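The structure under discussion appears below in the form of C-alpha coordinates.
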Amino acid sequence: MDYFRHLSRRQYVWLGVTLLAAVLVILAGRFVNPQQIHNDRVDFTTDMSIKEMAPQLDVTGKALAREFELPLDVPKKRPVRDLGVNQAQLDHVTAHLLSHRPSVFKYFVFAAIALLALVYLLRLGRPDKSAGPGPNTQRLQYPHAVYVGVLIVAVVVCGFLLGKSPNPMEGVVKLFKSMVGLYPSVTEKVAAFTFFVALAIVGNKLVCGWVCPFGALQELIYSLPILKQLKRYKPPFAVTNAVRGGLFILMLLLLFGILGQRRGFVLYHAVNPFNLFDLSFEMVSIGVTIVVAIVLSLFVYRPFCTLICPFGFVSWVFERLSLARVRIDRDRCTACGACTTTCPTHAAADILNGKLLPADCFSCTRCLRVCPHDAIRYGPVFVPLSPSTAENKTAS
(Lines give C-alpha, C1' and ligand atoms only; values in the text may rest on other atoms or scores of the structure.)
Protein backbone atom coordinates (compact mmCIF):
# COMPACT_ATOMS: atom_id res chain seq x y z
CA MET A 1 0.00 0.00 0.00
CA ASP A 2 1.55 3.30 -1.14
CA TYR A 3 0.33 5.07 1.95
CA PHE A 4 2.62 3.10 4.28
CA ARG A 5 5.63 3.49 1.97
CA HIS A 6 5.29 7.26 2.22
CA LEU A 7 5.20 7.42 6.02
CA SER A 8 8.30 8.98 7.51
CA ARG A 9 10.46 7.38 10.18
CA ARG A 10 8.98 9.74 12.73
CA GLN A 11 5.48 8.70 11.73
CA TYR A 12 6.39 5.04 12.13
CA VAL A 13 7.54 5.88 15.64
CA TRP A 14 4.18 7.55 16.27
CA LEU A 15 2.40 4.47 14.89
CA GLY A 16 4.41 2.04 17.02
CA VAL A 17 4.04 4.03 20.23
CA THR A 18 0.31 4.51 19.66
CA LEU A 19 -0.29 0.82 18.99
CA LEU A 20 1.65 -0.06 22.14
CA ALA A 21 -0.32 2.46 24.18
CA ALA A 22 -3.61 1.07 22.83
CA VAL A 23 -2.60 -2.47 23.76
CA LEU A 24 -1.62 -1.34 27.26
CA VAL A 25 -4.98 0.41 27.69
CA ILE A 26 -6.81 -2.78 26.72
CA LEU A 27 -4.66 -4.90 29.04
CA ALA A 28 -5.36 -2.45 31.85
CA GLY A 29 -9.06 -2.88 31.18
CA ARG A 30 -8.77 -6.65 31.36
CA PHE A 31 -6.94 -6.30 34.67
CA VAL A 32 -9.61 -4.01 36.12
CA ASN A 33 -12.53 -6.07 34.82
CA PRO A 34 -11.32 -9.65 34.18
CA GLN A 35 -14.82 -11.02 33.65
CA GLN A 36 -17.70 -9.29 31.99
CA ILE A 37 -20.27 -8.52 34.63
CA HIS A 38 -23.26 -9.40 32.47
CA ASN A 39 -22.02 -12.98 32.22
CA ASP A 40 -22.75 -13.54 35.92
CA ARG A 41 -25.48 -16.13 36.33
CA VAL A 42 -28.29 -15.21 38.70
CA ASP A 43 -31.51 -17.23 39.05
CA PHE A 44 -34.57 -15.18 39.91
CA THR A 45 -37.87 -16.70 40.98
CA THR A 46 -41.30 -15.27 41.67
CA ASP A 47 -40.79 -16.12 45.36
CA MET A 48 -38.34 -13.25 45.54
CA SER A 49 -39.35 -9.68 46.29
CA ILE A 50 -38.53 -6.50 44.40
CA LYS A 51 -36.37 -5.44 47.32
CA GLU A 52 -34.29 -8.63 47.01
CA MET A 53 -33.86 -8.47 43.26
CA ALA A 54 -33.29 -4.76 42.64
CA PRO A 55 -29.72 -4.56 44.05
CA GLN A 56 -28.64 -7.58 41.99
CA LEU A 57 -29.98 -5.90 38.86
CA ASP A 58 -28.35 -2.55 39.70
CA VAL A 59 -31.65 -0.66 39.73
CA THR A 60 -33.89 0.82 42.38
CA GLY A 61 -37.13 -0.75 43.58
CA LYS A 62 -39.10 1.90 41.71
CA ALA A 63 -37.28 1.09 38.48
CA LEU A 64 -37.98 -2.62 38.84
CA ALA A 65 -41.64 -1.95 39.60
CA ARG A 66 -41.80 0.15 36.45
CA GLU A 67 -40.31 -2.72 34.42
CA PHE A 68 -43.03 -5.02 35.77
CA GLU A 69 -45.59 -2.35 34.79
CA LEU A 70 -46.63 -2.02 38.43
CA PRO A 71 -47.32 1.18 40.39
CA LEU A 72 -44.12 2.75 41.72
CA ASP A 73 -45.44 2.55 45.30
CA VAL A 74 -46.21 -1.18 45.10
CA PRO A 75 -45.07 -3.15 48.22
CA LYS A 76 -41.41 -3.95 47.62
CA LYS A 77 -41.05 -6.69 50.26
CA ARG A 78 -43.77 -9.01 48.99
CA PRO A 79 -42.98 -11.88 46.59
CA VAL A 80 -43.55 -10.66 43.05
CA ARG A 81 -45.84 -13.66 42.53
CA ASP A 82 -48.30 -12.02 44.90
CA LEU A 83 -48.10 -8.85 42.79
CA GLY A 84 -49.26 -10.69 39.68
CA VAL A 85 -45.84 -11.28 38.09
CA ASN A 86 -45.38 -14.70 36.48
CA GLN A 87 -42.07 -16.46 35.79
CA ALA A 88 -42.09 -15.69 32.07
CA GLN A 89 -42.52 -11.98 32.76
CA LEU A 90 -39.83 -12.12 35.43
CA ASP A 91 -37.37 -13.84 33.07
CA HIS A 92 -38.03 -11.26 30.37
CA VAL A 93 -37.52 -8.28 32.69
CA THR A 94 -34.38 -9.62 34.36
CA ALA A 95 -32.81 -10.57 31.01
CA HIS A 96 -33.51 -7.06 29.75
CA LEU A 97 -31.98 -5.38 32.79
CA LEU A 98 -28.95 -7.66 32.88
CA SER A 99 -28.25 -6.84 29.24
CA HIS A 100 -27.91 -3.19 30.27
CA ARG A 101 -25.25 -3.86 32.90
CA PRO A 102 -22.06 -2.51 31.38
CA SER A 103 -18.65 -4.10 31.37
CA VAL A 104 -15.93 -1.75 32.57
CA PHE A 105 -13.59 -3.47 30.12
CA LYS A 106 -15.51 -2.07 27.15
CA TYR A 107 -14.73 1.50 28.21
CA PHE A 108 -11.03 0.69 27.88
CA VAL A 109 -11.59 -0.73 24.39
CA PHE A 110 -13.47 2.44 23.43
CA ALA A 111 -10.58 4.53 24.74
CA ALA A 112 -7.99 2.46 22.85
CA ILE A 113 -9.83 2.83 19.53
CA ALA A 114 -10.35 6.54 20.11
CA LEU A 115 -6.62 6.95 20.81
CA LEU A 116 -5.69 5.22 17.55
CA ALA A 117 -8.21 7.31 15.62
CA LEU A 118 -7.04 10.59 17.14
CA VAL A 119 -3.35 9.97 16.39
CA TYR A 120 -4.24 8.90 12.87
CA LEU A 121 -6.24 12.07 12.29
CA LEU A 122 -3.62 14.36 13.82
CA ARG A 123 -0.33 12.80 12.80
CA LEU A 124 -0.54 9.74 10.55
CA GLY A 125 -3.23 10.48 7.98
CA ARG A 126 -0.92 12.67 5.85
CA PRO A 127 2.32 10.85 4.97
CA ASP A 128 5.28 13.19 5.50
CA LYS A 129 6.97 12.01 2.30
CA SER A 130 4.09 13.26 0.19
CA ALA A 131 3.62 16.67 1.79
CA GLY A 132 2.22 19.49 -0.28
CA PRO A 133 -0.71 19.85 -2.70
CA GLY A 134 -1.04 17.81 -5.86
CA PRO A 135 -2.92 14.83 -7.35
CA ASN A 136 -0.58 12.22 -5.88
CA THR A 137 -0.81 13.80 -2.43
CA GLN A 138 -4.58 13.65 -2.40
CA ARG A 139 -4.53 9.96 -3.29
CA LEU A 140 -2.28 9.19 -0.36
CA GLN A 141 -3.88 11.37 2.27
CA TYR A 142 -6.21 9.67 4.75
CA PRO A 143 -6.78 6.42 2.80
CA HIS A 144 -10.38 5.31 3.21
CA ALA A 145 -9.27 1.71 3.86
CA VAL A 146 -7.86 2.70 7.26
CA TYR A 147 -11.15 4.29 8.31
CA VAL A 148 -13.11 1.27 7.09
CA GLY A 149 -10.82 -1.06 9.03
CA VAL A 150 -11.39 0.82 12.29
CA LEU A 151 -15.14 0.86 11.69
CA ILE A 152 -15.19 -2.91 11.19
CA VAL A 153 -13.35 -3.35 14.49
CA ALA A 154 -15.87 -1.08 16.21
CA VAL A 155 -18.83 -3.10 14.88
CA VAL A 156 -17.35 -6.54 15.57
CA VAL A 157 -15.54 -5.93 18.86
CA CYS A 158 -17.46 -3.06 20.49
CA GLY A 159 -20.73 -4.41 19.13
CA PHE A 160 -21.20 -8.12 18.67
CA LEU A 161 -18.32 -9.42 20.84
CA LEU A 162 -18.75 -7.12 23.86
CA GLY A 163 -22.50 -6.58 23.62
CA LYS A 164 -24.66 -3.49 23.56
CA SER A 165 -23.66 -2.01 26.92
CA PRO A 166 -22.13 0.45 27.45
CA ASN A 167 -22.71 2.70 24.46
CA PRO A 168 -22.93 6.48 23.92
CA MET A 169 -26.73 6.57 23.64
CA GLU A 170 -27.07 4.65 26.88
CA GLY A 171 -24.61 7.01 28.55
CA VAL A 172 -27.03 9.91 28.05
CA VAL A 173 -30.26 8.07 28.83
CA LYS A 174 -28.99 6.43 32.01
CA LEU A 175 -27.77 9.77 33.34
CA PHE A 176 -31.30 11.17 33.32
CA LYS A 177 -32.82 7.87 34.48
CA SER A 178 -30.59 8.03 37.55
CA MET A 179 -31.85 11.56 38.24
CA VAL A 180 -35.39 10.23 38.31
CA GLY A 181 -34.36 7.58 40.83
CA LEU A 182 -34.25 4.54 38.55
CA TYR A 183 -30.63 3.74 39.42
CA PRO A 184 -29.10 3.60 42.91
CA SER A 185 -25.98 5.57 41.95
CA VAL A 186 -26.07 8.89 40.13
CA THR A 187 -22.28 9.24 40.37
CA GLU A 188 -21.64 6.12 38.28
CA LYS A 189 -23.93 7.35 35.50
CA VAL A 190 -22.36 10.82 35.56
CA ALA A 191 -18.95 9.19 35.13
CA ALA A 192 -20.13 7.17 32.11
CA PHE A 193 -21.70 10.26 30.53
CA THR A 194 -18.54 12.27 31.16
CA PHE A 195 -16.41 9.55 29.55
CA PHE A 196 -18.33 9.67 26.27
CA VAL A 197 -18.53 13.47 26.21
CA ALA A 198 -14.77 13.65 26.86
CA LEU A 199 -14.10 11.49 23.79
CA ALA A 200 -16.31 13.82 21.75
CA ILE A 201 -14.42 16.87 23.00
CA VAL A 202 -10.87 15.54 22.60
CA GLY A 203 -11.53 14.90 18.90
CA ASN A 204 -14.55 16.40 17.17
CA LYS A 205 -17.35 13.82 17.59
CA LEU A 206 -14.64 11.16 17.66
CA VAL A 207 -16.77 8.70 19.63
CA CYS A 208 -19.64 8.94 17.12
CA GLY A 209 -17.50 8.89 14.00
CA TRP A 210 -15.02 6.15 14.90
CA VAL A 211 -15.99 4.26 18.06
CA CYS A 212 -19.78 3.81 18.34
CA PRO A 213 -20.66 0.38 16.91
CA PHE A 214 -24.07 1.28 15.49
CA GLY A 215 -22.72 4.52 14.08
CA ALA A 216 -19.91 2.50 12.49
CA LEU A 217 -22.40 0.04 11.00
CA GLN A 218 -24.36 2.86 9.37
CA GLU A 219 -21.13 4.40 8.07
CA LEU A 220 -20.03 1.11 6.50
CA ILE A 221 -23.39 0.61 4.80
CA TYR A 222 -23.41 4.19 3.49
CA SER A 223 -19.87 3.66 2.13
CA LEU A 224 -21.01 0.79 -0.13
CA PRO A 225 -20.56 1.89 -3.76
CA ILE A 226 -24.24 1.57 -4.65
CA LEU A 227 -27.08 4.06 -5.08
CA LYS A 228 -24.53 6.83 -5.64
CA GLN A 229 -27.07 9.14 -7.23
CA LEU A 230 -29.37 8.93 -4.21
CA LYS A 231 -26.46 9.65 -1.86
CA ARG A 232 -26.24 13.16 -3.27
CA TYR A 233 -29.33 14.16 -1.28
CA LYS A 234 -28.54 15.64 2.12
CA PRO A 235 -31.55 16.28 4.38
CA PRO A 236 -31.61 19.90 5.65
CA PHE A 237 -29.71 20.04 8.93
CA ALA A 238 -32.29 22.41 10.43
CA VAL A 239 -34.92 19.71 9.94
CA THR A 240 -32.93 16.69 11.14
CA ASN A 241 -31.56 18.50 14.17
CA ALA A 242 -35.02 19.80 15.06
CA VAL A 243 -36.37 16.25 14.99
CA ARG A 244 -33.45 14.92 17.05
CA GLY A 245 -33.59 17.76 19.55
CA GLY A 246 -37.36 17.53 19.78
CA LEU A 247 -37.19 13.82 20.61
CA PHE A 248 -34.58 14.57 23.27
CA ILE A 249 -36.81 17.16 24.93
CA LEU A 250 -39.82 14.84 24.66
CA MET A 251 -37.79 12.10 26.34
CA LEU A 252 -37.05 14.38 29.29
CA LEU A 253 -40.68 15.49 29.62
CA LEU A 254 -41.90 11.90 29.65
CA LEU A 255 -39.11 10.60 31.89
CA PHE A 256 -39.74 13.21 34.58
CA GLY A 257 -43.51 12.78 34.34
CA ILE A 258 -44.18 16.31 33.08
CA LEU A 259 -46.06 14.70 30.19
CA GLY A 260 -48.02 11.47 30.37
CA GLN A 261 -48.19 11.36 34.16
CA ARG A 262 -45.99 8.27 34.12
CA ARG A 263 -42.72 9.21 35.72
CA GLY A 264 -39.88 6.95 34.63
CA PHE A 265 -41.08 6.24 31.08
CA VAL A 266 -38.09 6.09 28.69
CA LEU A 267 -38.96 6.95 25.09
CA TYR A 268 -35.73 5.57 23.62
CA HIS A 269 -36.30 2.05 24.97
CA ALA A 270 -38.67 1.43 22.06
CA VAL A 271 -36.12 2.48 19.41
CA ASN A 272 -32.82 1.22 20.82
CA PRO A 273 -30.80 -0.16 17.86
CA PHE A 274 -27.97 -1.35 20.12
CA ASN A 275 -30.14 -4.38 20.95
CA LEU A 276 -28.89 -5.69 17.62
CA PHE A 277 -25.54 -6.50 19.23
CA ASP A 278 -27.19 -8.76 21.82
CA LEU A 279 -29.61 -10.12 19.21
CA SER A 280 -32.39 -9.05 21.57
CA PHE A 281 -35.53 -7.69 19.98
CA GLU A 282 -37.94 -7.44 22.89
CA MET A 283 -40.17 -4.94 21.11
CA VAL A 284 -41.33 -4.94 17.51
CA SER A 285 -40.43 -1.24 17.34
CA ILE A 286 -36.78 -2.06 18.06
CA GLY A 287 -36.56 -4.44 15.13
CA VAL A 288 -38.33 -1.93 12.90
CA THR A 289 -35.89 0.81 13.96
CA ILE A 290 -32.87 -1.35 13.14
CA VAL A 291 -34.20 -2.42 9.74
CA VAL A 292 -35.25 1.12 8.76
CA ALA A 293 -31.90 2.59 9.89
CA ILE A 294 -29.95 -0.03 7.92
CA VAL A 295 -32.03 0.44 4.76
CA LEU A 296 -31.92 4.23 4.95
CA SER A 297 -28.14 4.07 5.48
CA LEU A 298 -27.79 2.88 1.88
CA PHE A 299 -28.53 6.40 0.66
CA VAL A 300 -28.86 8.72 3.70
CA TYR A 301 -25.86 9.39 5.93
CA ARG A 302 -26.20 7.95 9.45
CA PRO A 303 -30.00 8.31 9.72
CA PHE A 304 -30.23 7.14 13.32
CA CYS A 305 -27.36 9.39 14.44
CA THR A 306 -28.77 12.50 12.78
CA LEU A 307 -32.47 11.97 13.42
CA ILE A 308 -32.87 10.10 16.71
CA CYS A 309 -29.76 9.46 18.81
CA PRO A 310 -29.74 11.55 22.02
CA PHE A 311 -25.96 11.38 22.24
CA GLY A 312 -25.75 12.58 18.65
CA PHE A 313 -27.63 15.69 19.76
CA VAL A 314 -25.60 16.13 22.96
CA SER A 315 -22.26 15.64 21.19
CA TRP A 316 -23.31 18.18 18.53
CA VAL A 317 -23.71 20.71 21.35
CA PHE A 318 -20.29 19.81 22.76
CA GLU A 319 -18.61 20.12 19.36
CA ARG A 320 -18.17 23.80 20.20
CA LEU A 321 -15.57 22.70 22.78
CA SER A 322 -13.69 20.17 20.62
CA LEU A 323 -9.92 20.45 21.03
CA ALA A 324 -9.16 18.97 17.60
CA ARG A 325 -11.33 19.28 14.51
CA VAL A 326 -11.46 19.99 10.78
CA ARG A 327 -10.01 23.42 10.04
CA ILE A 328 -9.69 25.51 6.90
CA ASP A 329 -6.60 27.43 5.84
CA ARG A 330 -8.19 30.57 4.37
CA ASP A 331 -4.98 31.57 2.59
CA ARG A 332 -5.05 28.39 0.50
CA CYS A 333 -8.79 27.84 0.13
CA THR A 334 -10.23 28.83 -3.26
CA ALA A 335 -13.83 27.85 -2.43
CA CYS A 336 -13.78 25.26 -5.23
CA GLY A 337 -16.51 23.23 -3.51
CA ALA A 338 -14.71 19.87 -3.52
CA CYS A 339 -15.08 19.47 0.25
CA THR A 340 -18.74 20.49 0.34
CA THR A 341 -19.57 18.05 -2.45
CA THR A 342 -17.90 15.04 -0.85
CA CYS A 343 -19.06 15.80 2.72
CA PRO A 344 -22.04 13.51 3.50
CA THR A 345 -23.63 16.20 5.68
CA HIS A 346 -23.77 19.98 5.53
CA ALA A 347 -20.80 20.24 7.92
CA ALA A 348 -18.13 21.18 5.36
CA ALA A 349 -20.32 23.87 3.81
CA ASP A 350 -21.20 25.29 7.22
CA ILE A 351 -17.56 25.32 8.33
CA LEU A 352 -16.49 26.92 5.06
CA ASN A 353 -19.16 29.59 5.47
CA GLY A 354 -18.17 30.20 9.09
CA LYS A 355 -21.53 29.28 10.61
CA LEU A 356 -21.64 29.58 14.38
CA LEU A 357 -23.54 26.28 14.76
CA PRO A 358 -22.51 24.04 11.85
CA ALA A 359 -23.98 20.62 11.14
CA ASP A 360 -22.48 17.52 12.74
CA CYS A 361 -18.94 16.73 11.62
CA PHE A 362 -18.17 13.04 12.21
CA SER A 363 -14.43 13.36 11.44
CA CYS A 364 -14.90 10.93 8.56
CA THR A 365 -11.85 12.34 6.63
CA ARG A 366 -13.71 12.67 3.29
CA CYS A 367 -13.05 16.40 2.98
CA LEU A 368 -9.42 15.91 4.01
CA ARG A 369 -8.87 13.54 1.07
CA VAL A 370 -10.26 15.68 -1.75
CA CYS A 371 -9.04 19.24 -1.28
CA PRO A 372 -6.88 20.02 -4.36
CA HIS A 373 -5.10 22.88 -2.59
CA ASP A 374 -4.32 21.17 0.73
CA ALA A 375 -6.39 23.84 2.49
CA ILE A 376 -8.18 21.54 4.94
CA ARG A 377 -6.43 20.17 7.99
CA TYR A 378 -7.43 18.18 11.04
CA GLY A 379 -5.66 19.68 13.99
CA PRO A 380 -5.74 21.24 17.46
CA VAL A 381 -7.69 24.48 17.64
CA PHE A 382 -4.92 26.17 19.61
CA VAL A 383 -2.15 25.57 17.01
CA PRO A 384 -1.85 27.84 13.92
CA LEU A 385 -2.42 26.04 10.62
CA SER A 386 0.77 27.53 9.17
CA PRO A 387 3.05 30.50 9.87
CA SER A 388 1.22 32.54 7.24
CA THR A 389 -2.14 31.91 8.86
CA ALA A 390 -1.29 32.34 12.49
CA GLU A 391 -3.94 34.98 12.84
CA ASN A 392 -6.65 32.72 11.42
CA LYS A 393 -9.15 31.22 13.78
CA THR A 394 -10.81 27.86 13.31
CA ALA A 395 -13.72 27.99 10.95
CA SER A 396 -15.95 25.77 13.01
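Each chain in the C-alpha coordinates gets a letter, A, B and so on, in the order shown; residues start at 1 in every chain, and ligands are counted from 1 in the order they appear.
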
Which polymer residues have any atom within 7 Å of an atom of Arg325 (chain A), counting only C-alpha atoms, with same-chain residues fewer than 4 positions away left out, as a ChimeraX atom specification?
/A:203-204,378-380

Which of region 269-327 of chain A counts as helix (DSSP H, G or I) under DSSP, as JSON, numbers by chain please?
{"A": [269, 270, 271, 273, 274, 275, 276, 277, 278, 284, 285, 286, 287, 288, 289, 290, 291, 292, 293, 294, 295, 296, 303, 304, 305, 306, 307, 310, 311, 312, 313, 314, 315, 316, 317, 318, 319, 320, 321]}

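Using only C-alpha atoms for every distance, the candidate list A:Val381, A:Leu250, A:Val180, A:Val211 yields A:Val180 as the residue closest to Arg263 (chain A).
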
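Between Val295 (chain A) and the candidates A:Leu217, A:Val25, A:Leu97, A:Met169, the tightest atom-to-atom separation, counting only C-alpha atoms, involves A:Leu217.
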
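Of note, CA of Lys234 (chain A) and CA of Leu276 (chain A) are spaced 26.4 Å apart.
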
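The nearest approach to Ala375 (chain A) among the residues A:Ala154, A:Leu356, A:Ile328, A:Ala348, with only C-alpha atoms taken into account, belongs to A:Ile328.
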
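Distances here use only C-alpha atoms; by that measure, the residue among A:Val59, A:Phe108, A:Thr340, A:Leu279 closest to Arg366 (chain A) is A:Thr340.
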
What lies within 9 Å of Phe362 (chain A) using only C-alpha atoms, ignoring chain neighbours under 4 positions off, as a ChimeraX atom specification?
/A:204-210,347

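In this comparison, which uses only C-alpha atoms, the residue of A:Leu19, A:Val271, A:Val317, A:Val291 approaching Val119 (chain A) most closely is A:Leu19.
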
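Distances from A:Ala324, A:Val186, A:Asp58, A:Leu357 to Val383 (chain A) were compared using only C-alpha atoms, and the smallest one belongs to A:Ala324.
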